[in-house]
file entry_36.pdb (PDB, C-alpha atoms)
ATOM      1  CA  MET A 349     -20.437  13.406  -4.531
ATOM      2  CA  THR A 350     -20.313  15.075  -7.924
ATOM      3  CA  LEU A 351     -17.818  14.657 -10.711
ATOM      4  CA  MET A 352     -16.456  17.468 -12.837
ATOM      5  CA  THR A 353     -14.722  16.823 -16.130
ATOM      6  CA  VAL A 354     -12.179  19.524 -16.810
ATOM      7  CA  ARG A 355     -10.480  20.316 -20.136
ATOM      8  CA  PRO A 356      -7.911  22.901 -18.996
ATOM      9  CA  THR A 357      -6.029  25.012 -21.505
ATOM     10  CA  ILE A 358      -2.444  26.192 -21.780
ATOM     11  CA  SER A 359      -2.032  29.533 -23.560
ATOM     12  CA  GLY A 360      -5.508  29.147 -25.007
ATOM     13  CA  THR A 361      -5.048  25.629 -26.374
ATOM     14  CA  GLU A 362      -6.043  22.234 -25.026
ATOM     15  CA  PRO A 363      -3.216  20.006 -23.767
ATOM     16  CA  ASP A 364      -1.846  17.884 -26.607
ATOM     17  CA  SER A 365      -0.375  14.969 -24.701
ATOM     18  CA  PHE A 366      -0.689  12.824 -21.632
ATOM     19  CA  GLU A 367       2.457  14.479 -20.267
ATOM     20  CA  ASP A 368       0.803  17.901 -20.697
ATOM     21  CA  ARG A 369      -2.164  16.736 -18.644
ATOM     22  CA  LEU A 370       0.138  15.372 -15.936
ATOM     23  CA  ASP A 371       1.874  18.752 -15.807
ATOM     24  CA  ILE A 372      -1.516  20.427 -15.334
ATOM     25  CA  LEU A 373      -2.302  18.060 -12.464
ATOM     26  CA  ASP A 374       0.965  19.146 -10.838
ATOM     27  CA  GLU A 375      -0.216  22.760 -10.928
ATOM     28  CA  LEU A 376      -3.854  22.297  -9.929
ATOM     29  CA  ASP A 377      -4.835  23.856  -6.618
ATOM     30  CA  VAL A 378      -8.265  22.485  -5.730
ATOM     31  CA  PRO A 379      -8.394  21.981  -1.940
ATOM     32  CA  GLY A 380     -10.720  19.162  -0.973
ATOM     33  CA  TYR A 381     -10.698  17.600  -4.410
ATOM     34  CA  ARG A 382      -8.929  14.607  -5.909
ATOM     35  CA  ALA A 383      -7.906  15.011  -9.549
ATOM     36  CA  GLU A 384      -7.287  12.081 -11.901
ATOM     37  CA  ILE A 385      -6.876  11.498 -15.633
ATOM     38  CA  VAL A 386      -9.710   9.285 -16.858
ATOM     39  CA  ARG A 387     -10.471   8.593 -20.531
ATOM     40  CA  GLY A 388      -8.194  11.421 -21.630
ATOM     41  CA  SER A 389      -9.737  14.114 -19.418
ATOM     42  CA  ILE A 390      -8.772  15.611 -16.073
ATOM     43  CA  VAL A 391     -11.549  14.704 -13.649
ATOM     44  CA  SER A 392     -11.992  16.137 -10.150
ATOM     45  CA  SER A 393     -14.145  14.612  -7.419
ATOM     46  CA  PRO A 394     -14.795  16.305  -4.056
ATOM     47  CA  TRP A 395     -14.927  15.113  -0.452
ATOM     48  CA  SER A 396     -16.077  11.591   0.368
ATOM     49  CA  LYS A 397     -18.931  10.962   2.768
ATOM     50  CA  SER A 398     -17.631  10.858   6.308
ATOM     51  CA  TYR A 399     -18.419   7.206   6.995
ATOM     52  CA  TYR A 400     -16.235   6.150   4.043
ATOM     53  CA  GLU A 401     -13.238   6.712   6.329
ATOM     54  CA  ASP A 402     -14.527   4.060   8.743
ATOM     55  CA  VAL A 403     -14.884   1.607   5.863
ATOM     56  CA  MET A 404     -11.385   2.361   4.571
ATOM     57  CA  GLU A 405      -9.924   1.828   8.033
ATOM     58  CA  LEU A 406     -11.755  -1.501   8.355
ATOM     59  CA  VAL A 407     -10.177  -2.633   5.086
ATOM     60  CA  CYS A 408      -6.681  -1.484   6.084
ATOM     61  CA  ASP A 409      -6.927  -3.059   9.536
ATOM     62  CA  GLN A 410      -7.834  -6.445   8.048
ATOM     63  CA  LEU A 411      -5.296  -6.494   5.224
ATOM     64  CA  ARG A 412      -2.294  -5.038   7.045
ATOM     65  CA  SER A 413      -1.188  -8.314   8.651
ATOM     66  CA  HIS A 414      -1.316 -10.055   5.246
ATOM     67  CA  LEU A 415       0.963  -7.667   3.345
ATOM     68  CA  PRO A 416       4.049  -9.134   1.673
ATOM     69  CA  ASP A 417       7.386  -7.908   3.035
ATOM     70  CA  GLY A 418       8.297  -4.374   2.084
ATOM     71  CA  GLN A 419       4.735  -3.325   1.259
ATOM     72  CA  ARG A 420       2.597  -0.578   2.809
ATOM     73  CA  ILE A 421      -1.170  -0.117   2.801
ATOM     74  CA  SER A 422      -2.290   3.505   2.747
ATOM     75  CA  ILE A 423      -5.346   5.673   2.310
ATOM     76  CA  GLY A 424      -5.083   8.177  -0.607
ATOM     77  CA  PRO A 425      -4.656  10.530  -2.197
ATOM     78  CA  PHE A 426      -1.530   9.574  -4.118
ATOM     79  CA  LEU A 427      -1.320   9.629  -7.897
ATOM     80  CA  TYR A 428      -0.468   6.393  -9.731
ATOM     81  CA  VAL A 429       0.414   6.873 -13.387
ATOM     82  CA  PHE A 430      -0.187   4.449 -16.272
ATOM     83  CA  PRO A 431       1.561   5.992 -19.311
ATOM     84  CA  ALA A 432       0.704   3.172 -21.721
ATOM     85  CA  GLU A 433      -2.995   3.740 -21.011
ATOM     86  CA  GLU A 434      -2.702   7.532 -20.615
ATOM     87  CA  ARG A 435      -4.397   7.294 -17.243
ATOM     88  CA  ALA A 436      -3.517   8.571 -13.767
ATOM     89  CA  TYR A 437      -5.575   7.412 -10.785
ATOM     90  CA  GLY A 438      -5.640   8.192  -7.080
ATOM     91  CA  PRO A 439      -7.142   5.046  -5.494
ATOM     92  CA  ASP A 440      -8.873   5.390  -2.122
ATOM     93  CA  ILE A 441      -6.744   2.564  -0.687
ATOM     94  CA  HIS A 442      -3.501   1.318  -2.170
ATOM     95  CA  VAL A 443      -0.822  -1.259  -1.411
ATOM     96  CA  ALA A 444       2.610  -0.582  -2.896
ATOM     97  CA  PRO A 445       6.295  -0.940  -1.972
ATOM     98  CA  ARG A 446       7.502   1.397   0.756
ATOM     99  CA  ARG A 447      10.452   2.387  -1.438
ATOM    100  CA  ILE A 448       8.262   4.284  -3.940
ATOM    101  CA  SER A 449       7.637   7.026  -1.380
ATOM    102  CA  GLN A 450      11.321   7.972  -1.402
ATOM    103  CA  THR A 451      10.928  10.718  -3.990
ATOM    104  CA  THR A 452       9.898  14.352  -4.243
ATOM    105  CA  SER A 453       7.661  13.585  -7.237
ATOM    106  CA  ASN A 454       3.905  13.283  -6.776
ATOM    107  CA  ARG A 455       3.744  10.656  -9.536
ATOM    108  CA  ARG A 456       3.972   6.986  -8.672
ATOM    109  CA  ASP A 457       4.440   4.008 -10.968
ATOM    110  CA  GLY A 458       1.023   2.386 -11.403
ATOM    111  CA  GLU A 459       2.594  -0.981 -12.160
ATOM    112  CA  ALA A 460       4.100  -1.003  -8.646
ATOM    113  CA  LEU A 461       0.642  -1.410  -7.097
ATOM    114  CA  LEU A 462      -0.205  -4.738  -5.469
ATOM    115  CA  LEU A 463      -3.742  -3.651  -4.652
ATOM    116  CA  ALA A 464      -5.967  -0.730  -5.578
ATOM    117  CA  CYS A 465      -9.317  -0.146  -3.889
ATOM    118  CA  GLU A 466     -12.060   2.299  -4.826
ATOM    119  CA  LEU A 467     -15.150   3.280  -2.819
ATOM    120  CA  THR A 468     -17.720   4.345  -5.382
ATOM    121  CA  SER A 469     -19.871   7.462  -5.471
ATOM    122  CA  THR A 470     -22.853   7.995  -7.739
ATOM    123  CA  SER A 471     -20.653   9.982 -10.126
ATOM    124  CA  THR A 472     -17.453   7.924 -10.056
ATOM    125  CA  ARG A 473     -19.118   4.492 -10.002
ATOM    126  CA  ASP A 474     -19.120   3.968 -13.760
ATOM    127  CA  ASP A 475     -15.386   4.612 -14.131
ATOM    128  CA  ASP A 476     -14.574   2.521 -11.050
ATOM    129  CA  LEU A 477     -16.442  -0.451 -12.539
ATOM    130  CA  THR A 478     -15.348  -0.108 -16.173
ATOM    131  CA  ASP A 479     -12.298   1.992 -17.111
ATOM    132  CA  LYS A 480     -10.319   1.188 -13.988
ATOM    133  CA  VAL A 481     -11.051  -2.535 -14.223
ATOM    134  CA  ILE A 482      -9.455  -2.593 -17.671
ATOM    135  CA  VAL A 483      -6.506  -0.326 -16.868
ATOM    136  CA  TYR A 484      -5.530  -1.891 -13.547
ATOM    137  CA  GLY A 485      -5.825  -5.350 -15.102
ATOM    138  CA  ARG A 486      -3.726  -4.530 -18.149
ATOM    139  CA  ALA A 487      -1.088  -2.957 -15.905
ATOM    140  CA  GLY A 488      -0.774  -6.207 -13.975
ATOM    141  CA  VAL A 489      -2.087  -4.945 -10.621
ATOM    142  CA  PRO A 490      -2.745  -8.288  -8.853
ATOM    143  CA  VAL A 491      -5.873  -7.233  -6.921
ATOM    144  CA  TYR A 492      -8.475  -4.541  -7.580
ATOM    145  CA  LEU A 493     -11.131  -4.156  -4.905
ATOM    146  CA  VAL A 494     -14.313  -2.171  -5.580
ATOM    147  CA  LEU A 495     -16.599  -1.280  -2.686
ATOM    148  CA  ASP A 496     -19.866  -0.337  -4.345
ATOM    149  CA  MET A 497     -21.318   2.029  -1.769
ATOM    150  CA  GLN A 498     -24.546   2.512  -3.737
ATOM    151  CA  GLU A 499     -25.383  -1.174  -4.301
ATOM    152  CA  GLU A 500     -23.749  -2.151  -0.975
ATOM    153  CA  GLN A 501     -21.605  -4.935  -2.353
ATOM    154  CA  ALA A 502     -17.903  -5.692  -2.614
ATOM    155  CA  THR A 503     -16.160  -7.060  -5.712
ATOM    156  CA  VAL A 504     -12.598  -8.273  -5.964
ATOM    157  CA  PHE A 505     -10.954  -8.538  -9.393
ATOM    158  CA  SER A 506      -7.894 -10.751  -9.879
ATOM    159  CA  THR A 507      -5.845 -12.628 -12.491
ATOM    160  CA  PRO A 508      -4.756  -9.596 -14.528
ATOM    161  CA  SER A 509      -4.296 -10.009 -18.280
ATOM    162  CA  ALA A 510      -3.904  -7.998 -21.475
ATOM    163  CA  LYS A 511      -7.706  -7.676 -21.601
ATOM    164  CA  GLY A 512      -8.210  -6.650 -17.978
ATOM    165  CA  TYR A 513      -9.055  -9.089 -15.217
ATOM    166  CA  GLU A 514      -9.964 -12.709 -15.831
ATOM    167  CA  SER A 515     -11.583 -13.402 -12.435
ATOM    168  CA  HIS A 516     -13.890 -11.641 -10.028
ATOM    169  CA  CYS A 517     -16.008 -12.388  -6.985
ATOM    170  CA  THR A 518     -18.817 -10.322  -5.467
ATOM    171  CA  VAL A 519     -20.492 -10.478  -2.053
ATOM    172  CA  PRO A 520     -23.095  -8.219  -0.436
ATOM    173  CA  PHE A 521     -21.947  -6.045   2.439
ATOM    174  CA  GLY A 522     -21.963  -8.150   5.563
ATOM    175  CA  GLY A 523     -20.448 -11.123   3.740
ATOM    176  CA  LYS A 524     -16.911 -12.448   3.608
ATOM    177  CA  LEU A 525     -14.890 -11.815   0.460
ATOM    178  CA  PRO A 526     -11.835 -13.935  -0.402
ATOM    179  CA  ILE A 527      -8.846 -11.746  -1.280
ATOM    180  CA  PRO A 528      -6.481 -13.715  -3.529
ATOM    181  CA  SER A 529      -2.688 -13.836  -3.812
ATOM    182  CA  PRO A 530      -0.467 -12.187  -2.741
ATOM    183  CA  PHE A 531      -2.731 -11.545   0.273
ATOM    184  CA  ASP A 532      -4.567 -14.867   0.573
ATOM    185  CA  CYS A 533      -7.010 -13.772   3.234
ATOM    186  CA  THR A 534     -10.698 -13.081   3.788
ATOM    187  CA  LEU A 535     -12.182  -9.593   4.034
ATOM    188  CA  ASP A 536     -15.119  -9.341   6.417
ATOM    189  CA  THR A 537     -17.399  -6.605   5.035
ATOM    190  CA  THR A 538     -19.472  -6.314   8.191
ATOM    191  CA  GLY A 539     -19.770  -2.638   9.074
ATOM    192  CA  PHE A 540     -19.462  -1.360   5.494
ATOM    193  CA  HIS A 541     -23.103  -0.198   5.310
ATOM    194  CA  ALA A 542     -24.044   3.468   5.529
ATOM    195  CA  PRO A 543     -25.048   4.568   9.052
ATOM    196  CA  THR A 544     -28.796   4.597   9.642
ATOM    197  CA  LYS A 545     -28.690   7.807  11.636
ATOM    198  CA  THR A 546     -26.608  10.955  11.507
ATOM    199  CA  PRO A 547     -25.299  11.906  14.948
ATOM    200  CA  PRO A 548     -26.233  15.390  16.159
ATOM    201  CA  ALA A 549     -23.711  18.158  15.624
ATOM    202  CA  PRO A 550     -21.512  18.808  18.687
TER     203      PRO A 550
END
call {"tool": "encode", "arguments": {"input": "entry_36.pdb", "output": "structure tokens"}}
result
Amino acid sequence: MTLMTVRPTISGTEPDSFEDRLDILDELDVPGYRAEIVRGSIVSSPWSKSYYEDVMELVCDQLRSHLPDGQRISIGPFLYVFPAEERAYGPDIHVAPRRISQTTSNRRDGEALLLACELTSTSTRDDDLTDKVIVYGRAGVPVYLVLDMQEEQATVFSTPSAKGYESHCTVPFGGKLPIPSPFDCTLDTTGFHAPTKTPPAP
């Protein structure tokens, strides 16, 4: 998966504000790509590897019965906005109140998230493990889960603070990862590895 940093222009000038960049995201037409605002730039990343869907479904299946009332776990893409940080992310998996879907806007309140989860690619890995750790933590998102698909390990960040997250725990794929409050469960990462063989085309 590659990552493209885009500095779009409006009438020949670069966007001046975070709101300008959000407006550009509203108008982008890039089928097959997810666009976010990371470190002040609009960044687009293309299709995930096919087996990532299996991993995302394994996560959703395990966490669904542990959701607090009124919450929904979903697979992206939906855009969560963090105005104070001038960031807008589309996490691969997200837990948020059902009520936030009752709008025609494509922008969701990032501080409404209970959990954000990213599956890394070689190009997005750095942002998933640095910028997003700080932003999600400062925004008070209780749980940030990173599935490092290159190193084959899972990390959960918790205890959000003004500096980011104060706690984290990492296990290799195949291990069991404790997911803290408000979920209070264990995530079995068996089956998260890349397939050893590619099935023949039908």
call {"tool": "closest_atom_pairs", "arguments": {"input": "entry_36.pdb", "of": "segment 516-535 of chain A", "to": "segment 460-464 of chain A", "cutoff": "12 Å", "atoms": "all atoms listed in the file", "output": "tab-separated table"}}
result
residue	atom	partner	partner_atom	distance
A:Ile527	CA	A:Leu463	CA	10.1
A:Pro528	CA	A:Leu463	CA	10.5
A:Ser529	CA	A:Leu462	CA	9.6
A:Pro530	CA	A:Leu462	CA	7.9
A:Phe531	CA	A:Leu462	CA	9.3
call {"tool": "residues_around", "arguments": {"input": "entry_36.pdb", "residues": "segment 537-545 of chain A", "least_positions_apart": "6", "cutoff": "10 Å", "atoms": "all atoms listed in the file", "output": "PyMOL selection string"}}
result
chain A and resi 397-400+402-404+406-407+495-502+519-525
call {"tool": "atom_distance", "arguments": {"input": "entry_36.pdb", "atom1": "atom CA of Leu493 of chain A", "atom2": "atom CA of Cys517 of chain A"}}
result
9.8 Å
call {"tool": "axis_aligned_box", "arguments": {"input": "entry_36.pdb", "around": "segment 495-498 of chain A", "padding_each_side": "8 Å", "output": "AutoDock Vina command-line options"}}
result
--center_x -20.6 --center_y 0.6 --center_z -3.1 --size_x 23.9 --size_y 19.8 --size_z 18.6
call {"tool": "resolve_selection", "arguments": {"input": "entry_36.pdb", "expression": "the PyMOL selection byres ((chain A and resi 505) around 6)", "output": "compact mmCIF listing (two decimals) with C-alpha atoms, in the coordinates of the input"}}
result
# COMPACT_ATOMS: atom_id res chain seq x y z
CA VAL A 491 -5.87 -7.23 -6.92
CA TYR A 492 -8.48 -4.54 -7.58
CA VAL A 504 -12.60 -8.27 -5.96
CA SER A 506 -7.89 -10.75 -9.88
CA SER A 515 -11.58 -13.40 -12.44
CA HIS A 516 -13.89 -11.64 -10.03
call {"tool": "closest_residue", "arguments": {"input": "entry_36.pdb", "among": "A:Pro490, A:Pro439, A:Pro526, A:Pro416", "to": "Asp476 of chain A", "atoms": "all atoms listed in the file"}}
result
A:Pro439
call {"tool": "residues_around", "arguments": {"input": "entry_36.pdb", "residues": "Thr478 of chain A", "least_positions_apart": "5", "cutoff": "10 Å", "atoms": "all atoms listed in the file", "output": "list in words"}}
result
Arg473, Val483 and Gly512 of chain A
call {"tool": "closest_residue", "arguments": {"input": "entry_36.pdb", "among": "A:Leu427, A:Leu535, A:Leu411, A:Val481", "to": "Ser449 of chain A", "atoms": "all atoms listed in the file"}}
result
A:Leu427
call {"tool": "resolve_selection", "arguments": {"input": "entry_36.pdb", "expression": "the PyMOL selection byres ((chain A and resi 429) around 12)", "output": "PyMOL selection string"}}
result
chain A and resi 366-367+369-370+373+384-386+426-428+430-439+453-461+483-484+487
call {"tool": "write_last_selection", "arguments": {"input": "entry_36.pdb", "atoms": "C-alpha atoms", "output": "mmCIF file, in the frame of the given file"}}
result
data_model
loop_
_atom_site.group_PDB
_atom_site.id
_atom_site.type_symbol
_atom_site.label_atom_id
_atom_site.label_comp_id
_atom_site.auth_asym_id
_atom_site.auth_seq_id
_atom_site.Cartn_x
_atom_site.Cartn_y
_atom_site.Cartn_z
ATOM 1 C CA PHE A 366 -0.689 12.824 -21.632
ATOM 2 C CA GLU A 367 2.457 14.479 -20.267
ATOM 3 C CA ARG A 369 -2.164 16.736 -18.644
ATOM 4 C CA LEU A 370 0.138 15.372 -15.936
ATOM 5 C CA LEU A 373 -2.302 18.060 -12.464
ATOM 6 C CA GLU A 384 -7.287 12.081 -11.901
ATOM 7 C CA ILE A 385 -6.876 11.498 -15.633
ATOM 8 C CA VAL A 386 -9.710 9.285 -16.858
ATOM 9 C CA PHE A 426 -1.530 9.574 -4.118
ATOM 10 C CA LEU A 427 -1.320 9.629 -7.897
ATOM 11 C CA TYR A 428 -0.468 6.393 -9.731
ATOM 12 C CA PHE A 430 -0.187 4.449 -16.272
ATOM 13 C CA PRO A 431 1.561 5.992 -19.311
ATOM 14 C CA ALA A 432 0.704 3.172 -21.721
ATOM 15 C CA GLU A 433 -2.995 3.740 -21.011
ATOM 16 C CA GLU A 434 -2.702 7.532 -20.615
ATOM 17 C CA ARG A 435 -4.397 7.294 -17.243
ATOM 18 C CA ALA A 436 -3.517 8.571 -13.767
ATOM 19 C CA TYR A 437 -5.575 7.412 -10.785
ATOM 20 C CA GLY A 438 -5.640 8.192 -7.080
ATOM 21 C CA PRO A 439 -7.142 5.046 -5.494
ATOM 22 C CA SER A 453 7.661 13.585 -7.237
ATOM 23 C CA ASN A 454 3.905 13.283 -6.776
ATOM 24 C CA ARG A 455 3.744 10.656 -9.536
ATOM 25 C CA ARG A 456 3.972 6.986 -8.672
ATOM 26 C CA ASP A 457 4.440 4.008 -10.968
ATOM 27 C CA GLY A 458 1.023 2.386 -11.403
ATOM 28 C CA GLU A 459 2.594 -0.981 -12.160
ATOM 29 C CA ALA A 460 4.100 -1.003 -8.646
ATOM 30 C CA LEU A 461 0.642 -1.410 -7.097
ATOM 31 C CA VAL A 483 -6.506 -0.326 -16.868
ATOM 32 C CA TYR A 484 -5.530 -1.891 -13.547
ATOM 33 C CA ALA A 487 -1.088 -2.957 -15.905
#
